[in-house]
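Participant: Before I ask anything, let me first share the structure, which is written out below as structure tokens.
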Amino acid sequence: NYFPASHSVLDCLRHSNITCVRGNHEQMILDQPELTDERREAYGWERTSAALTESDLSFIATWPDHYEISPGGVRILLVHGGPSDSLNEYVRPDGSHDWLARSPFDIVVTAHTHLPFVVNPGDKTLINCGSVGFRRDDGRLLSCALIDTNSRTAEIISMDFPGQHLNDLMPYPSAVADILERRLST
């Protein structure tokens with residue numbers, strides 16, 4: 001909900017048969033919490049709320065807050081936050097990953113920090129795929145993760161942010177514009 005076209009993005013996802021995992025911003029849209037004026041502006045709250053239909057909200061409500069898959073017997077957990085709090089947990093590359101050794105999963109994929117990384121404590125793999133729109137380490141880049149389940153390894157794939165399309169994203173809130181401008185220029 002930082003950028004416009006929320007309805008169009010959801011329409012694309014709905015018709016692409018893509019499995020989505022609910023994150024903190026989707027949950028906020030469903031819960032409609034009280035927000036400060038600053039957050040309302042940064043999130044483009046009024047624009048997003050006005051753009052989404054009841055069908056969009058129903059679609060978002062079907063998304064699980066975590067998703068488990070086992071391709072070739074490799075157990076993978078996909079979650080926006082982390083295993084303890086699927087929506088809001090911050091899992092960082094330099095944090096303690098002791099919990100991963102006790103986890104039943106071979107690979108855990110997170111995203112909430114928007115910081116791309118791959119770490120391999122022991123025989124497990126922990127991935128943060130970064131972000132396809134608001135990466136926190138380098139706003140000039142978009143990222144995703146490519147996972148090889150045979151070797152239980154992953155690679156972060158980074159691409160240039162299509163800066164020539166920034167005007168297509170207008171109007172975005174001034175608070176986000178300032179953040180984007182700083183990130184794209186560093």
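Chains: A, B, ... in order of the structure tokens. Residues: from 1 per chain. Ligands: from 1, in order shown.
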Can you list, as a tab-separated table (two decimals) with all heavy atoms, in the first residue's frame, every residue of range 7-179 of chain A that DSSP puts in alpha helix (DSSP H)?
Facilitator:
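Just written: out30.tsv:
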```
chain	number	residue	atom	x	y	z
A	7	HIS	N	-5.25	-2.23	-6.57
A	7	HIS	CA	-6.30	-3.06	-7.19
A	7	HIS	C	-5.75	-3.80	-8.41
A	7	HIS	O	-5.99	-4.99	-8.58
A	7	HIS	CB	-7.52	-2.21	-7.57
A	7	HIS	CG	-8.54	-2.97	-8.34
A	7	HIS	ND1	-9.38	-3.90	-7.74
A	7	HIS	CD2	-8.83	-2.98	-9.66
A	7	HIS	CE1	-10.15	-4.43	-8.67
A	7	HIS	NE2	-9.84	-3.89	-9.84
A	8	SER	N	-4.98	-3.10	-9.25
A	8	SER	CA	-4.42	-3.73	-10.45
A	8	SER	C	-3.44	-4.84	-10.10
A	8	SER	O	-3.42	-5.88	-10.76
A	8	SER	CB	-3.71	-2.68	-11.32
A	8	SER	OG	-4.62	-1.71	-11.75
A	9	VAL	N	-2.63	-4.62	-9.08
A	9	VAL	CA	-1.69	-5.65	-8.65
A	9	VAL	C	-2.45	-6.88	-8.16
A	9	VAL	O	-2.14	-8.02	-8.53
A	9	VAL	CB	-0.74	-5.12	-7.55
A	9	VAL	CG1	0.06	-6.25	-6.93
A	9	VAL	CG2	0.18	-4.05	-8.12
A	10	LEU	N	-3.47	-6.65	-7.34
A	10	LEU	CA	-4.27	-7.78	-6.84
A	10	LEU	C	-4.98	-8.49	-7.98
A	10	LEU	O	-5.08	-9.73	-7.98
A	10	LEU	CB	-5.28	-7.29	-5.80
A	10	LEU	CG	-4.65	-6.88	-4.47
A	10	LEU	CD1	-5.67	-6.14	-3.61
A	10	LEU	CD2	-4.09	-8.09	-3.74
A	11	ASP	N	-5.46	-7.75	-8.95
A	11	ASP	CA	-6.13	-8.36	-10.10
A	11	ASP	C	-5.15	-9.25	-10.87
A	11	ASP	O	-5.49	-10.36	-11.27
A	11	ASP	CB	-6.70	-7.26	-10.99
A	11	ASP	CG	-7.82	-7.76	-11.86
A	11	ASP	OD1	-8.66	-8.54	-11.35
A	11	ASP	OD2	-7.86	-7.39	-13.05
A	12	CYS	N	-3.93	-8.77	-11.04
A	12	CYS	CA	-2.90	-9.58	-11.71
A	12	CYS	C	-2.62	-10.85	-10.93
A	12	CYS	O	-2.56	-11.94	-11.50
A	12	CYS	CB	-1.63	-8.74	-11.87
A	12	CYS	SG	-0.25	-9.63	-12.60
A	13	LEU	N	-2.45	-10.73	-9.62
A	13	LEU	CA	-2.19	-11.91	-8.78
A	13	LEU	C	-3.36	-12.89	-8.82
A	13	LEU	O	-3.17	-14.10	-8.92
A	13	LEU	CB	-1.92	-11.49	-7.33
A	13	LEU	CG	-0.62	-10.74	-7.10
A	13	LEU	CD1	-0.58	-10.18	-5.68
A	13	LEU	CD2	0.58	-11.62	-7.38
A	14	ARG	N	-4.56	-12.36	-8.75
A	14	ARG	CA	-5.77	-13.19	-8.75
A	14	ARG	C	-5.84	-14.04	-10.01
A	14	ARG	O	-6.25	-15.20	-9.97
A	14	ARG	CB	-7.00	-12.29	-8.64
A	14	ARG	CG	-8.31	-13.03	-8.49
A	14	ARG	CD	-9.50	-12.08	-8.43
A	14	ARG	NE	-9.52	-11.29	-7.22
A	14	ARG	CZ	-9.34	-9.97	-7.15
A	14	ARG	NH1	-9.13	-9.27	-8.24
A	14	ARG	NH2	-9.36	-9.34	-6.00
A	15	HIS	N	-5.47	-13.48	-11.14
A	15	HIS	CA	-5.59	-14.18	-12.42
A	15	HIS	C	-4.32	-14.93	-12.83
A	15	HIS	O	-4.30	-15.55	-13.89
A	15	HIS	CB	-6.01	-13.19	-13.50
A	15	HIS	CG	-7.40	-12.68	-13.29
A	15	HIS	ND1	-7.66	-11.50	-12.63
A	15	HIS	CD2	-8.60	-13.22	-13.58
A	15	HIS	CE1	-8.96	-11.32	-12.55
A	15	HIS	NE2	-9.56	-12.35	-13.10
A	16	SER	N	-3.30	-14.90	-12.00
A	16	SER	CA	-2.04	-15.56	-12.34
A	16	SER	C	-1.85	-16.87	-11.58
A	16	SER	O	-0.82	-17.52	-11.74
A	16	SER	CB	-0.86	-14.63	-12.03
A	16	SER	OG	-0.94	-13.49	-12.82
A	24	ASN	N	2.39	-7.95	6.91
A	24	ASN	CA	1.85	-6.99	7.87
A	24	ASN	C	0.99	-5.92	7.20
A	24	ASN	O	-0.02	-5.50	7.77
A	24	ASN	CB	2.98	-6.35	8.70
A	24	ASN	CG	4.01	-5.63	7.86
A	24	ASN	OD1	4.50	-6.15	6.85
A	24	ASN	ND2	4.37	-4.44	8.28
A	25	HIS	N	1.33	-5.49	6.01
A	25	HIS	CA	0.52	-4.46	5.36
A	25	HIS	C	-0.82	-5.01	4.88
A	25	HIS	O	-1.84	-4.32	4.97
A	25	HIS	CB	1.29	-3.79	4.22
A	25	HIS	CG	2.31	-2.83	4.73
A	25	HIS	ND1	2.08	-1.49	4.84
A	25	HIS	CD2	3.56	-3.04	5.19
A	25	HIS	CE1	3.15	-0.90	5.34
A	25	HIS	NE2	4.06	-1.83	5.57
A	26	GLU	N	-0.84	-6.23	4.40
A	26	GLU	CA	-2.12	-6.84	4.03
A	26	GLU	C	-2.99	-7.00	5.26
A	26	GLU	O	-4.21	-6.76	5.22
A	26	GLU	CB	-1.90	-8.20	3.35
A	26	GLU	CG	-1.29	-8.10	1.97
A	26	GLU	CD	0.22	-7.97	1.99
A	26	GLU	OE1	0.86	-8.25	3.03
A	26	GLU	OE2	0.77	-7.58	0.96
A	27	GLN	N	-2.38	-7.40	6.37
A	27	GLN	CA	-3.16	-7.56	7.60
A	27	GLN	C	-3.70	-6.21	8.07
A	27	GLN	O	-4.83	-6.13	8.55
A	27	GLN	CB	-2.31	-8.20	8.70
A	27	GLN	CG	-3.11	-8.66	9.89
A	27	GLN	CD	-4.11	-9.75	9.50
A	27	GLN	OE1	-3.73	-10.75	8.88
A	27	GLN	NE2	-5.37	-9.57	9.84
A	28	MET	N	-2.90	-5.15	7.92
A	28	MET	CA	-3.40	-3.81	8.29
A	28	MET	C	-4.61	-3.43	7.45
A	28	MET	O	-5.58	-2.86	7.97
A	28	MET	CB	-2.30	-2.75	8.11
A	28	MET	CG	-1.33	-2.68	9.25
A	28	MET	SD	-0.29	-1.20	9.18
A	28	MET	CE	0.72	-1.53	7.75
A	29	ILE	N	-4.57	-3.74	6.18
A	29	ILE	CA	-5.70	-3.41	5.30
A	29	ILE	C	-6.95	-4.15	5.78
A	29	ILE	O	-8.05	-3.61	5.79
A	29	ILE	CB	-5.38	-3.76	3.84
A	29	ILE	CG1	-4.34	-2.80	3.27
A	29	ILE	CG2	-6.63	-3.80	2.98
A	29	ILE	CD1	-4.81	-1.37	3.12
A	30	LEU	N	-6.77	-5.40	6.20
A	30	LEU	CA	-7.93	-6.18	6.67
A	30	LEU	C	-8.42	-5.70	8.02
A	30	LEU	O	-9.63	-5.63	8.26
A	30	LEU	CB	-7.55	-7.67	6.75
A	30	LEU	CG	-7.23	-8.35	5.42
A	30	LEU	CD1	-6.75	-9.78	5.67
A	30	LEU	CD2	-8.42	-8.33	4.48
A	31	ASP	N	-7.50	-5.34	8.92
A	31	ASP	CA	-7.87	-4.96	10.29
A	31	ASP	C	-8.31	-3.50	10.42
A	31	ASP	O	-9.01	-3.17	11.38
A	31	ASP	CB	-6.69	-5.19	11.24
A	31	ASP	CG	-6.36	-6.66	11.44
A	31	ASP	OD1	-7.19	-7.51	11.07
A	31	ASP	OD2	-5.26	-6.94	11.95
A	37	ASP	N	-1.27	10.10	11.65
A	37	ASP	CA	-1.37	10.80	10.37
A	37	ASP	C	-0.13	10.56	9.51
A	37	ASP	O	-0.24	10.40	8.29
A	37	ASP	CB	-1.55	12.31	10.60
A	37	ASP	CG	-2.93	12.64	11.14
A	37	ASP	OD1	-3.85	11.78	11.06
A	37	ASP	OD2	-3.10	13.76	11.66
A	38	GLU	N	1.04	10.50	10.16
A	38	GLU	CA	2.29	10.26	9.44
A	38	GLU	C	2.27	8.90	8.75
A	38	GLU	O	2.64	8.77	7.58
A	38	GLU	CB	3.47	10.36	10.40
A	38	GLU	CG	4.81	10.18	9.72
A	38	GLU	CD	5.94	10.31	10.72
A	38	GLU	OE1	6.24	9.33	11.43
A	38	GLU	OE2	6.51	11.41	10.78
A	39	ARG	N	1.83	7.87	9.46
A	39	ARG	CA	1.77	6.53	8.86
A	39	ARG	C	0.70	6.47	7.78
A	39	ARG	O	0.89	5.83	6.75
A	39	ARG	CB	1.50	5.47	9.93
A	39	ARG	CG	2.74	5.14	10.70
A	39	ARG	CD	2.57	3.89	11.50
A	39	ARG	NE	3.84	3.56	12.08
A	39	ARG	CZ	4.19	2.35	12.42
A	39	ARG	NH1	3.34	1.36	12.26
A	39	ARG	NH2	5.37	2.11	12.92
A	40	ARG	N	-0.43	7.11	8.01
A	40	ARG	CA	-1.49	7.13	7.00
A	40	ARG	C	-0.97	7.71	5.69
A	40	ARG	O	-1.24	7.20	4.61
A	40	ARG	CB	-2.71	7.89	7.49
A	40	ARG	CG	-3.44	7.21	8.63
A	40	ARG	CD	-4.59	8.07	9.14
A	40	ARG	NE	-5.74	8.00	8.26
A	40	ARG	CZ	-6.63	7.01	8.24
A	40	ARG	NH1	-6.50	6.01	9.08
A	40	ARG	NH2	-7.63	7.03	7.41
A	41	GLU	N	-0.18	8.79	5.81
A	41	GLU	CA	0.37	9.41	4.61
A	41	GLU	C	1.42	8.50	3.97
A	41	GLU	O	1.41	8.28	2.76
A	41	GLU	CB	0.99	10.76	4.94
A	41	GLU	CG	1.56	11.42	3.69
A	41	GLU	CD	2.32	12.70	3.96
A	41	GLU	OE1	2.43	13.13	5.12
A	41	GLU	OE2	2.82	13.27	2.97
A	42	ALA	N	2.34	7.98	4.77
A	42	ALA	CA	3.42	7.14	4.24
A	42	ALA	C	2.86	5.90	3.54
A	42	ALA	O	3.38	5.48	2.51
A	42	ALA	CB	4.37	6.73	5.35
A	43	TYR	N	1.81	5.32	4.09
A	43	TYR	CA	1.23	4.10	3.51
A	43	TYR	C	0.26	4.40	2.38
A	43	TYR	O	-0.21	3.47	1.73
A	43	TYR	CB	0.49	3.29	4.58
A	43	TYR	CG	1.36	2.77	5.71
A	43	TYR	CD1	0.78	2.44	6.91
A	43	TYR	CD2	2.72	2.59	5.57
A	43	TYR	CE1	1.54	1.96	7.97
A	43	TYR	CE2	3.49	2.11	6.62
A	43	TYR	CZ	2.89	1.80	7.81
A	43	TYR	OH	3.64	1.31	8.85
A	45	TRP	N	-2.71	5.47	2.78
A	45	TRP	CA	-3.85	4.74	3.35
A	45	TRP	C	-5.18	5.07	2.68
A	45	TRP	O	-5.92	4.16	2.30
A	45	TRP	CB	-3.93	5.03	4.85
A	45	TRP	CG	-4.82	4.10	5.57
A	45	TRP	CD1	-6.10	4.34	5.99
A	45	TRP	CD2	-4.54	2.76	5.94
A	45	TRP	NE1	-6.61	3.24	6.61
A	45	TRP	CE2	-5.67	2.24	6.60
A	45	TRP	CE3	-3.42	1.93	5.79
A	45	TRP	CZ2	-5.73	0.96	7.10
A	45	TRP	CZ3	-3.49	0.65	6.29
A	45	TRP	CH2	-4.63	0.18	6.93
A	46	GLU	N	-5.49	6.35	2.53
A	46	GLU	CA	-6.78	6.72	1.96
A	46	GLU	C	-6.89	6.25	0.51
A	46	GLU	O	-7.90	5.70	0.10
A	46	GLU	CB	-7.03	8.23	2.06
A	46	GLU	CG	-7.57	8.68	3.40
A	46	GLU	CD	-6.53	8.66	4.52
A	46	GLU	OE1	-5.30	8.65	4.23
A	46	GLU	OE2	-6.93	8.64	5.70
A	47	ARG	N	-5.81	6.46	-0.26
A	47	ARG	CA	-5.81	6.04	-1.66
A	47	ARG	C	-5.98	4.53	-1.77
A	47	ARG	O	-6.79	4.04	-2.56
A	47	ARG	CB	-4.49	6.47	-2.33
A	47	ARG	CG	-4.42	6.09	-3.80
A	47	ARG	CD	-3.00	6.16	-4.37
A	47	ARG	NE	-2.14	5.19	-3.70
A	47	ARG	CZ	-1.09	5.51	-2.97
A	47	ARG	NH1	-0.74	6.75	-2.80
A	47	ARG	NH2	-0.36	4.57	-2.39
A	48	THR	N	-5.23	3.79	-0.96
A	48	THR	CA	-5.31	2.33	-1.02
A	48	THR	C	-6.67	1.84	-0.58
A	48	THR	O	-7.28	1.00	-1.25
A	48	THR	CB	-4.21	1.70	-0.14
A	48	THR	OG1	-2.94	2.14	-0.61
A	48	THR	CG2	-4.27	0.19	-0.18
A	49	SER	N	-7.18	2.36	0.53
A	49	SER	CA	-8.49	1.93	1.02
A	49	SER	C	-9.59	2.22	0.00
A	49	SER	O	-10.50	1.41	-0.19
A	49	SER	CB	-8.82	2.63	2.34
A	49	SER	OG	-7.89	2.24	3.32
A	50	ALA	N	-9.49	3.35	-0.67
A	50	ALA	CA	-10.52	3.71	-1.66
A	50	ALA	C	-10.42	2.83	-2.91
A	50	ALA	O	-11.43	2.55	-3.56
A	50	ALA	CB	-10.37	5.18	-2.04
A	51	ALA	N	-9.20	2.39	-3.25
A	51	ALA	CA	-9.00	1.63	-4.48
A	51	ALA	C	-9.42	0.17	-4.36
A	51	ALA	O	-9.78	-0.47	-5.35
A	51	ALA	CB	-7.53	1.69	-4.90
A	54	GLU	N	-14.43	-4.88	-2.26
A	54	GLU	CA	-14.75	-5.98	-1.33
A	54	GLU	C	-14.16	-7.29	-1.84
A	54	GLU	O	-13.70	-8.11	-1.06
A	54	GLU	CB	-16.27	-6.09	-1.14
A	54	GLU	CG	-16.86	-5.03	-0.25
A	54	GLU	CD	-16.27	-5.05	1.16
A	54	GLU	OE1	-16.04	-6.14	1.73
A	54	GLU	OE2	-15.99	-3.95	1.68
A	55	SER	N	-14.15	-7.47	-3.14
A	55	SER	CA	-13.56	-8.67	-3.74
A	55	SER	C	-12.06	-8.72	-3.46
A	55	SER	O	-11.51	-9.79	-3.17
A	55	SER	CB	-13.83	-8.68	-5.24
A	55	SER	OG	-13.19	-9.77	-5.85
A	56	ASP	N	-11.39	-7.56	-3.55
A	56	ASP	CA	-9.95	-7.51	-3.24
A	56	ASP	C	-9.70	-7.91	-1.79
A	56	ASP	O	-8.81	-8.70	-1.49
A	56	ASP	CB	-9.40	-6.09	-3.46
A	56	ASP	CG	-9.38	-5.67	-4.92
A	56	ASP	OD1	-9.30	-6.55	-5.80
A	56	ASP	OD2	-9.44	-4.45	-5.16
A	57	LEU	N	-10.50	-7.34	-0.88
A	57	LEU	CA	-10.33	-7.64	0.54
A	57	LEU	C	-10.59	-9.12	0.83
A	57	LEU	O	-9.87	-9.75	1.60
A	57	LEU	CB	-11.23	-6.75	1.39
A	57	LEU	CG	-10.92	-5.25	1.30
A	57	LEU	CD1	-11.98	-4.45	2.06
A	57	LEU	CD2	-9.53	-4.94	1.81
A	58	SER	N	-11.61	-9.68	0.18
A	58	SER	CA	-11.90	-11.11	0.36
A	58	SER	C	-10.75	-11.96	-0.17
A	58	SER	O	-10.39	-12.98	0.44
A	58	SER	CB	-13.19	-11.47	-0.37
A	58	SER	OG	-14.28	-10.82	0.21
A	59	PHE	N	-10.17	-11.54	-1.28
A	59	PHE	CA	-9.04	-12.27	-1.85
A	59	PHE	C	-7.85	-12.24	-0.90
A	59	PHE	O	-7.24	-13.27	-0.60
A	59	PHE	CB	-8.68	-11.64	-3.21
A	59	PHE	CG	-7.48	-12.24	-3.89
A	59	PHE	CD1	-7.38	-13.61	-4.12
A	59	PHE	CD2	-6.44	-11.42	-4.32
A	59	PHE	CE1	-6.27	-14.15	-4.76
A	59	PHE	CE2	-5.33	-11.95	-4.96
A	59	PHE	CZ	-5.24	-13.32	-5.18
A	60	ILE	N	-7.51	-11.06	-0.37
A	60	ILE	CA	-6.40	-10.93	0.58
A	60	ILE	C	-6.65	-11.79	1.82
A	60	ILE	O	-5.73	-12.43	2.34
A	60	ILE	CB	-6.19	-9.46	0.97
A	60	ILE	CG1	-5.67	-8.66	-0.22
A	60	ILE	CG2	-5.21	-9.34	2.14
A	60	ILE	CD1	-5.68	-7.16	0.01
A	61	ALA	N	-7.89	-11.83	2.27
A	61	ALA	CA	-8.24	-12.60	3.48
A	61	ALA	C	-8.01	-14.10	3.29
A	61	ALA	O	-7.85	-14.83	4.27
A	61	ALA	CB	-9.67	-12.32	3.89
A	98	ASP	N	19.76	-19.62	16.32
A	98	ASP	CA	19.72	-20.88	17.06
A	98	ASP	C	18.40	-21.60	16.86
A	98	ASP	O	18.36	-22.83	16.85
A	98	ASP	CB	19.95	-20.63	18.56
A	98	ASP	CG	21.35	-20.10	18.85
A	98	ASP	OD1	22.24	-20.22	17.98
A	98	ASP	OD2	21.54	-19.55	19.95
A	99	TRP	N	17.33	-20.85	16.73
A	99	TRP	CA	15.99	-21.42	16.55
A	99	TRP	C	15.92	-22.29	15.30
A	99	TRP	O	15.15	-23.24	15.23
A	99	TRP	CB	14.93	-20.33	16.48
A	99	TRP	CG	15.20	-19.32	15.38
A	99	TRP	CD1	15.90	-18.16	15.49
A	99	TRP	CD2	14.79	-19.41	14.03
A	99	TRP	NE1	15.97	-17.50	14.28
A	99	TRP	CE2	15.28	-18.25	13.35
A	99	TRP	CE3	14.06	-20.33	13.29
A	99	TRP	CZ2	15.06	-18.01	12.00
A	99	TRP	CZ3	13.84	-20.09	11.94
A	99	TRP	CH2	14.34	-18.95	11.31
A	100	LEU	N	16.73	-21.96	14.29
A	100	LEU	CA	16.68	-22.69	13.03
A	100	LEU	C	17.10	-24.15	13.20
A	100	LEU	O	16.54	-25.04	12.57
A	100	LEU	CB	17.54	-21.98	11.98
A	100	LEU	CG	17.33	-22.38	10.53
A	100	LEU	CD1	15.88	-22.23	10.09
A	100	LEU	CD2	18.24	-21.57	9.62
A	101	ALA	N	18.06	-24.40	14.08
A	101	ALA	CA	18.51	-25.77	14.32
A	101	ALA	C	17.38	-26.63	14.88
A	101	ALA	O	17.30	-27.83	14.60
A	101	ALA	CB	19.70	-25.78	15.28
A	102	ARG	N	16.47	-26.02	15.66
A	102	ARG	CA	15.34	-26.74	16.24
A	102	ARG	C	14.12	-26.78	15.32
A	102	ARG	O	13.15	-27.45	15.60
A	102	ARG	CB	14.95	-26.10	17.57
A	102	ARG	CG	16.06	-26.14	18.62
A	102	ARG	CD	15.64	-25.53	19.94
A	102	ARG	NE	15.23	-24.14	19.86
A	102	ARG	CZ	16.05	-23.09	19.87
A	102	ARG	NH1	17.37	-23.29	19.96
A	102	ARG	NH2	15.60	-21.86	19.80
A	174	SER	N	4.11	11.88	-0.20
A	174	SER	CA	5.35	12.66	-0.13
A	174	SER	C	6.35	12.01	0.82
A	174	SER	O	7.55	12.06	0.57
A	174	SER	CB	5.05	14.09	0.30
A	174	SER	OG	4.46	14.11	1.58
A	175	ALA	N	5.88	11.38	1.90
A	175	ALA	CA	6.80	10.71	2.82
A	175	ALA	C	7.54	9.58	2.11
A	175	ALA	O	8.74	9.39	2.30
A	175	ALA	CB	6.04	10.16	4.03
A	176	VAL	N	6.85	8.84	1.26
A	176	VAL	CA	7.48	7.77	0.50
A	176	VAL	C	8.36	8.36	-0.59
A	176	VAL	O	9.46	7.88	-0.85
A	176	VAL	CB	6.42	6.82	-0.10
A	176	VAL	CG1	7.06	5.81	-1.02
A	176	VAL	CG2	5.66	6.12	1.01
A	177	ALA	N	7.92	9.45	-1.20
A	177	ALA	CA	8.72	10.10	-2.24
A	177	ALA	C	10.08	10.51	-1.68
A	177	ALA	O	11.12	10.30	-2.32
A	177	ALA	CB	7.98	11.31	-2.79
A	178	ASP	N	10.09	11.07	-0.49
A	178	ASP	CA	11.35	11.48	0.14
A	178	ASP	C	12.25	10.28	0.40
A	178	ASP	O	13.46	10.33	0.14
A	178	ASP	CB	11.08	12.22	1.45
A	178	ASP	CG	10.36	13.54	1.24
A	178	ASP	OD1	10.35	14.06	0.11
A	178	ASP	OD2	9.78	14.04	2.23
A	179	ILE	N	11.67	9.20	0.91
A	179	ILE	CA	12.45	7.99	1.18
A	179	ILE	C	13.01	7.42	-0.11
A	179	ILE	O	14.19	7.08	-0.21
A	179	ILE	CB	11.58	6.94	1.92
A	179	ILE	CG1	11.21	7.44	3.31
A	179	ILE	CG2	12.31	5.60	2.00
A	179	ILE	CD1	10.12	6.62	3.98
```
Participant: Which of range 12-182 of chain A end up as strand (DSSP E) when DSSP is run on this backbone - answer as a ChimeraX atom specification?
Facilitator: /A:66-69,76-79,107-110,117-119,125-128,141-148,153-160
Participant: Now that the selection is made, can you save its residues with N, CA, C and O atoms as a compact mmCIF listing (two decimals), in the first residue's frame?
Facilitator:
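Dumped to part.txt:
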```txt
# COMPACT_ATOMS: atom_id res chain seq x y z
N HIS A 66 1.42 -18.00 6.58
CA HIS A 66 2.62 -18.77 6.31
C HIS A 66 2.24 -19.86 5.31
O HIS A 66 1.06 -20.18 5.15
N TYR A 67 3.24 -20.41 4.65
CA TYR A 67 2.97 -21.41 3.64
C TYR A 67 4.10 -22.44 3.69
O TYR A 67 5.28 -22.06 3.72
N GLU A 68 3.74 -23.69 3.75
CA GLU A 68 4.72 -24.76 3.81
C GLU A 68 4.66 -25.59 2.53
O GLU A 68 3.57 -25.96 2.08
N ILE A 69 5.83 -25.87 1.99
CA ILE A 69 5.92 -26.74 0.82
C ILE A 69 7.05 -27.73 1.05
O ILE A 69 7.93 -27.50 1.87
N ILE A 76 10.14 -26.51 3.33
CA ILE A 76 10.36 -25.07 3.20
C ILE A 76 9.20 -24.32 3.86
O ILE A 76 8.03 -24.64 3.61
N LEU A 77 9.54 -23.33 4.67
CA LEU A 77 8.56 -22.42 5.27
C LEU A 77 8.71 -21.07 4.60
O LEU A 77 9.80 -20.49 4.58
N LEU A 78 7.60 -20.56 4.04
CA LEU A 78 7.56 -19.22 3.47
C LEU A 78 6.70 -18.37 4.39
O LEU A 78 5.55 -18.71 4.66
N VAL A 79 7.28 -17.28 4.88
CA VAL A 79 6.59 -16.44 5.86
C VAL A 79 7.07 -15.00 5.67
O VAL A 79 8.24 -14.77 5.35
N ILE A 107 14.58 -25.15 4.96
CA ILE A 107 14.76 -23.80 4.43
C ILE A 107 13.64 -22.92 4.98
O ILE A 107 12.47 -23.31 4.96
N VAL A 108 13.99 -21.74 5.46
CA VAL A 108 13.00 -20.76 5.90
C VAL A 108 13.22 -19.49 5.08
O VAL A 108 14.34 -18.98 4.99
N VAL A 109 12.14 -19.01 4.46
CA VAL A 109 12.19 -17.81 3.64
C VAL A 109 11.36 -16.72 4.32
O VAL A 109 10.19 -16.94 4.64
N THR A 110 11.98 -15.56 4.55
CA THR A 110 11.33 -14.43 5.19
C THR A 110 11.43 -13.20 4.27
O THR A 110 12.09 -13.26 3.23
N PHE A 117 19.35 -11.57 2.06
CA PHE A 117 20.51 -12.32 2.55
C PHE A 117 20.21 -13.81 2.49
O PHE A 117 19.05 -14.23 2.42
N VAL A 118 21.28 -14.58 2.50
CA VAL A 118 21.21 -16.03 2.62
C VAL A 118 22.26 -16.42 3.65
O VAL A 118 23.42 -16.03 3.53
N VAL A 119 21.85 -17.14 4.69
CA VAL A 119 22.80 -17.68 5.66
C VAL A 119 22.52 -19.16 5.81
O VAL A 119 21.40 -19.62 5.63
N THR A 125 19.02 -23.55 5.78
CA THR A 125 19.20 -22.34 4.98
C THR A 125 18.14 -21.33 5.39
O THR A 125 16.95 -21.65 5.46
N LEU A 126 18.58 -20.11 5.66
CA LEU A 126 17.70 -19.01 6.02
C LEU A 126 17.85 -17.94 4.95
O LEU A 126 18.97 -17.51 4.64
N ILE A 127 16.71 -17.52 4.39
CA ILE A 127 16.72 -16.59 3.27
C ILE A 127 15.81 -15.41 3.58
O ILE A 127 14.71 -15.59 4.10
N ASN A 128 16.26 -14.22 3.23
CA ASN A 128 15.37 -13.08 3.13
C ASN A 128 15.50 -12.63 1.69
O ASN A 128 16.59 -12.28 1.24
N LEU A 141 17.70 -1.12 -6.18
CA LEU A 141 17.61 -2.50 -6.61
C LEU A 141 16.31 -3.16 -6.18
O LEU A 141 15.74 -2.83 -5.15
N LEU A 142 15.88 -4.12 -6.97
CA LEU A 142 14.81 -5.04 -6.63
C LEU A 142 15.47 -6.39 -6.42
O LEU A 142 16.54 -6.65 -6.98
N SER A 143 14.85 -7.26 -5.64
CA SER A 143 15.48 -8.56 -5.46
C SER A 143 14.45 -9.65 -5.23
O SER A 143 13.32 -9.40 -4.83
N CYS A 144 14.91 -10.86 -5.51
CA CYS A 144 14.15 -12.08 -5.22
C CYS A 144 15.18 -13.16 -4.93
O CYS A 144 16.39 -12.92 -5.05
N ALA A 145 14.72 -14.31 -4.52
CA ALA A 145 15.65 -15.41 -4.23
C ALA A 145 15.36 -16.59 -5.14
O ALA A 145 14.19 -16.91 -5.41
N LEU A 146 16.40 -17.20 -5.62
CA LEU A 146 16.30 -18.41 -6.43
C LEU A 146 16.82 -19.55 -5.56
O LEU A 146 17.98 -19.52 -5.11
N ILE A 147 15.97 -20.54 -5.31
CA ILE A 147 16.31 -21.63 -4.39
C ILE A 147 16.54 -22.92 -5.17
O ILE A 147 15.71 -23.30 -6.01
N ASP A 148 17.64 -23.59 -4.88
CA ASP A 148 17.92 -24.90 -5.44
C ASP A 148 17.65 -25.91 -4.33
O ASP A 148 18.43 -26.03 -3.38
N THR A 153 20.53 -24.71 -1.41
CA THR A 153 21.20 -23.42 -1.45
C THR A 153 20.27 -22.39 -2.08
O THR A 153 19.26 -22.75 -2.68
N ALA A 154 20.64 -21.14 -1.95
CA ALA A 154 19.84 -20.07 -2.54
C ALA A 154 20.76 -18.97 -3.00
O ALA A 154 21.87 -18.80 -2.49
N GLU A 155 20.27 -18.22 -3.96
CA GLU A 155 21.00 -17.08 -4.49
C GLU A 155 20.05 -15.90 -4.54
O GLU A 155 18.89 -16.03 -4.94
N ILE A 156 20.54 -14.75 -4.11
CA ILE A 156 19.76 -13.53 -4.22
C ILE A 156 19.97 -12.97 -5.63
O ILE A 156 21.12 -12.79 -6.06
N ILE A 157 18.89 -12.74 -6.33
CA ILE A 157 18.94 -12.14 -7.66
C ILE A 157 18.55 -10.68 -7.50
O ILE A 157 17.46 -10.37 -7.02
N SER A 158 19.45 -9.77 -7.87
CA SER A 158 19.19 -8.33 -7.77
C SER A 158 19.07 -7.74 -9.17
O SER A 158 19.82 -8.13 -10.07
N MET A 159 18.14 -6.82 -9.32
CA MET A 159 17.92 -6.14 -10.59
C MET A 159 17.80 -4.65 -10.33
O MET A 159 17.40 -4.24 -9.25
N ASP A 160 18.13 -3.85 -11.33
CA ASP A 160 17.97 -2.41 -11.21
C ASP A 160 16.50 -2.07 -11.06
O ASP A 160 15.64 -2.66 -11.72
```
Participant: To one decimal in Å, tell me the separation between CA of His97 in chain A and CA of Pro121 in chain A.
Facilitator: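 Atom-to-atom, CA of His97 in chain A to CA of Pro121 in chain A, that is 7.1 Å.
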